[in-house]
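Visitor: Sending over a structure as structure tokens; questions will come in a sec.
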Amino acid sequence: MRIEIDTLPPEGLRISRDFDFQGSDLVEEEAVFLQPAHVEVTIRKIGEEISVKGRLSTRLSMPCSRCLTLFEYPVDSLFDLIFLPEELGDIKEELSNEDMDRSYFIDRTLDLEAVVLEQLNLTFPAKPLCSKDCQGICPVCGQIRRESGCGCSVREDDPRWIKIKNFIKD
Ligand SMILES: [Zn+2]
Ligand SMILES: [Zn+2]
């Protein structure tokens, strides 16, 4: 969805819509959308700058990085971004240290779909977990520890256990 910068009304443009992204569009490639990504956004021209402010919500299903169980990952995030015309890219170096949130639009258009997709990707943790204390998979019997409560005894100095502990620490 391309927004023509020069046709924005002075009071700004309010958009409320769903985007049908695919899991393969995401950095978290195994994620599956349980509902479309919904966006409420106001796009406003302030001098040469474009303010893009809104809310992104959706629900996804993705595998836990420790136990591989699929879990539901809800997204409800606010964003408040500033875009500058590409011509100002020359002073990018100066700005980049001061304000990381500045981006650029090209050819007087803003690709809202790309902006939303980037915001969505930024919400994902590096290692998604079904719960923050997920115990992962039992090194003895291979079952998911949380579900099986398998009761295998693992000696603290067991190399298999140390391996798992280090894995969880990551
Ligand atoms: Zn897990
Ligand atoms: Zn076990």
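To be explicit about the labels: the chains of the structure tokens are called A, B, and onward in the order shown, and within each one the residues are counted from 1, while ligands get numbers from 1 in the order they are shown.
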Once you count only C-alpha atoms and all ligand atoms, what closest atom pair and distance in Å to one decimal does each residue of chain A within 7 Å of ligand 2 have, with rows by chain and rising residue number, as CSV?
Guide:
residue,atom,partner,partner_atom_place_in_ligand_line,distance
A:Cys138,CA,ligand 2,1 (Zn),4.6
A:Pro139,CA,ligand 2,1 (Zn),6.6
A:Val140,CA,ligand 2,1 (Zn),4.9
A:Cys141,CA,ligand 2,1 (Zn),4.1
A:Gly142,CA,ligand 2,1 (Zn),6.1
A:Gln143,CA,ligand 2,1 (Zn),5.8
A:Arg145,CA,ligand 2,1 (Zn),6.7
A:Cys150,CA,ligand 2,1 (Zn),4.5
A:Gly151,CA,ligand 2,1 (Zn),5.9
A:Cys152,CA,ligand 2,1 (Zn),4.3
Visitor: Hey, which residues sit close to ligand 1? Say within 10 Å, counting only C-alpha atoms and all ligand atoms, and write them as a short mmCIF file (atom, residue, chain, number, x, y, z; two decimals) with N, CA and C atoms, in the first residue's frame.
Guide:
data_model
loop_
_atom_site.label_atom_id
_atom_site.label_comp_id
_atom_site.auth_asym_id
_atom_site.auth_seq_id
_atom_site.Cartn_x
_atom_site.Cartn_y
_atom_site.Cartn_z
N PRO A 63 7.04 -21.88 16.86
CA PRO A 63 7.63 -22.92 17.71
C PRO A 63 8.58 -22.32 18.76
N CYS A 64 8.48 -22.85 19.97
CA CYS A 64 9.38 -22.46 21.06
C CYS A 64 10.80 -22.88 20.68
N SER A 65 11.76 -22.00 20.92
CA SER A 65 13.14 -22.33 20.54
C SER A 65 13.77 -23.38 21.46
N ARG A 66 13.14 -23.69 22.61
CA ARG A 66 13.69 -24.73 23.50
C ARG A 66 12.99 -26.07 23.36
N CYS A 67 11.65 -26.05 23.39
CA CYS A 67 10.94 -27.34 23.40
C CYS A 67 10.24 -27.63 22.07
N LEU A 68 10.28 -26.69 21.15
CA LEU A 68 9.72 -26.82 19.80
C LEU A 68 8.18 -26.88 19.76
N THR A 69 7.54 -26.74 20.91
CA THR A 69 6.07 -26.72 20.94
C THR A 69 5.58 -25.42 20.31
N LEU A 70 4.49 -25.52 19.54
CA LEU A 70 3.90 -24.30 18.98
C LEU A 70 3.20 -23.54 20.09
N PHE A 71 3.38 -22.26 20.13
CA PHE A 71 2.68 -21.46 21.13
C PHE A 71 2.15 -20.20 20.47
N PRO A 128 12.37 -17.13 20.56
CA PRO A 128 11.00 -17.21 21.08
C PRO A 128 10.83 -18.36 22.07
N LEU A 129 10.13 -18.11 23.17
CA LEU A 129 9.91 -19.14 24.18
C LEU A 129 8.41 -19.27 24.49
N CYS A 130 7.97 -20.52 24.70
CA CYS A 130 6.56 -20.76 25.03
C CYS A 130 6.24 -20.17 26.40
N SER A 131 7.22 -20.19 27.31
CA SER A 131 7.11 -19.50 28.58
C SER A 131 8.53 -19.22 29.05
N LYS A 132 8.69 -18.19 29.87
CA LYS A 132 10.08 -17.78 30.13
C LYS A 132 10.85 -18.81 30.94
N ASP A 133 10.12 -19.72 31.64
CA ASP A 133 10.82 -20.77 32.38
C ASP A 133 10.68 -22.13 31.70
N CYS A 134 10.49 -22.11 30.39
CA CYS A 134 10.40 -23.38 29.65
C CYS A 134 11.63 -24.23 29.94
N GLN A 135 11.39 -25.50 30.30
CA GLN A 135 12.48 -26.40 30.67
C GLN A 135 13.04 -27.15 29.46
N GLY A 136 12.42 -26.93 28.31
CA GLY A 136 12.94 -27.59 27.11
C GLY A 136 12.66 -29.09 27.12
N ILE A 137 13.54 -29.82 26.50
CA ILE A 137 13.35 -31.25 26.31
C ILE A 137 14.27 -32.02 27.26
N ILE A 144 9.07 -33.54 26.33
CA ILE A 144 9.00 -32.14 26.76
C ILE A 144 8.82 -32.14 28.27
N ARG A 145 9.74 -31.55 28.99
CA ARG A 145 9.75 -31.67 30.45
C ARG A 145 8.48 -31.13 31.10
N ARG A 146 7.99 -30.00 30.61
CA ARG A 146 6.83 -29.36 31.22
C ARG A 146 5.61 -30.28 31.16
#
Visitor: Please identify all polymer residues within 7 Å of Asp111 (chain A), counting only C-alpha atoms, omitting same-chain residues fewer than 3 positions from it, and present them as a list of chain:residue names.
Guide: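 Surrounding residues, per the criterion: A:Met1, A:Arg2, A:Ile3, A:Ala114, A:Val115.
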Visitor: Those selected residues, please, written with C-alpha atoms and delivered as an mmCIF file, in the first residue's frame.
Guide:
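Final output, saved to out-v3.cif:
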data_model
loop_
_atom_site.group_PDB
_atom_site.id
_atom_site.type_symbol
_atom_site.label_atom_id
_atom_site.label_comp_id
_atom_site.auth_asym_id
_atom_site.auth_seq_id
_atom_site.Cartn_x
_atom_site.Cartn_y
_atom_site.Cartn_z
ATOM 1 C CA MET A 1 0.000 0.000 0.000
ATOM 2 C CA ARG A 2 1.700 3.161 -1.266
ATOM 3 C CA ILE A 3 0.953 6.518 0.271
ATOM 4 C CA ALA A 114 6.882 -2.386 4.230
ATOM 5 C CA VAL A 115 6.749 -0.110 7.273
#
Visitor: Using DSSP on the backbone coordinates, identify the residues of region 35-136 of chain A assigned to helix (DSSP H, G or I); present them as a PyMOL selection string.
Guide: chain A and resi 86-98+112-123
Visitor: Using only C-alpha atoms, find the one residue out of A:Ile82, A:Leu34, A:Ile46, A:Leu110 that sits nearest to Thr58 (chain A).
Guide: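 Using only C-alpha atoms, the shortest distance to Thr58 (chain A) belongs to A:Leu34.
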Visitor: Just to confirm, what's the straight-line distance from CA of Gly23 (chain A) to CA of Arg55 (chain A) in Å (one decimal)?
Guide: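 Going from CA of Gly23 (chain A) over to CA of Arg55 (chain A) covers 20.0 Å.
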Visitor: Using only C-alpha atoms, which of the listed residues (A:Glu72, A:Asp25, A:Glu11, A:Glu4) sits closest to Val116 (chain A)?
Guide: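 Smallest separation from Val116 (chain A) among the options: A:Asp25.
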Visitor: Please list as a list in words every residue within 12 Å of Leu78 (chain A), counting only C-alpha atoms and excluding residues in the same chain fewer than 2 positions away.
Guide: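 Surrounding residues, per the criterion: His38, Val39, Glu40, Val41, Thr42, Val52, Lys53, Gly54, Arg55, Leu56, Ser57, Val75, Asp76, Asp80, Leu81, Val116, Gln119, Leu120, Leu122 and Thr123 of chain A.
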Visitor: Here is a test: counting only C-alpha atoms, which residue of A:Leu112, A:Val27, A:Ala37, A:Leu60 is nearest to Lys127 (chain A)?
Guide: A:Val27
Visitor: From the options A:Pro125, A:Asp6, A:Glu147, A:Ser103, which residue's atoms come nearest to Gly47 (chain A), counting only C-alpha atoms?
Guide: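 Closest to Gly47 (chain A) of all the choices is A:Asp6.
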Visitor: Suppose you want the space between CA of Phe79 (chain A) and CA of Glu30 (chain A); what is it in Å?
Guide: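 Separation of CA of Phe79 (chain A) and CA of Glu30 (chain A): 24.4 Å.
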Visitor: Pick the closest to Glu87 (chain A) from A:Glu118, A:Ser61, A:Glu48, A:Val32: which is it, counting only C-alpha atoms?
Guide: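 For Glu87 (chain A), the nearest of the candidates is A:Glu48.
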Visitor: Using the chain letters and numbers from this document, which residues of chain A does DSSP assign to strand (DSSP E or B), as a PyMOL selection string?
Guide: chain A and resi 2-4+13-19+32-46+49-63+70-85+102-106+109-111+137+144
Visitor: For CA of Lys45 (chain A) and CA of Tyr104 (chain A), determine how far apart the two atoms are, in Å to one decimal place.
Guide: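 Taking CA of Lys45 (chain A) and CA of Tyr104 (chain A), their separation equals 13.4 Å.
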Visitor: With distances taken over only C-alpha atoms, which of A:Gly12, A:Pro85, A:Gly149, A:Pro36 is nearest to Glu49 (chain A)?
Guide: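 Using only C-alpha atoms, Glu49 (chain A) sits closest to A:Pro85.
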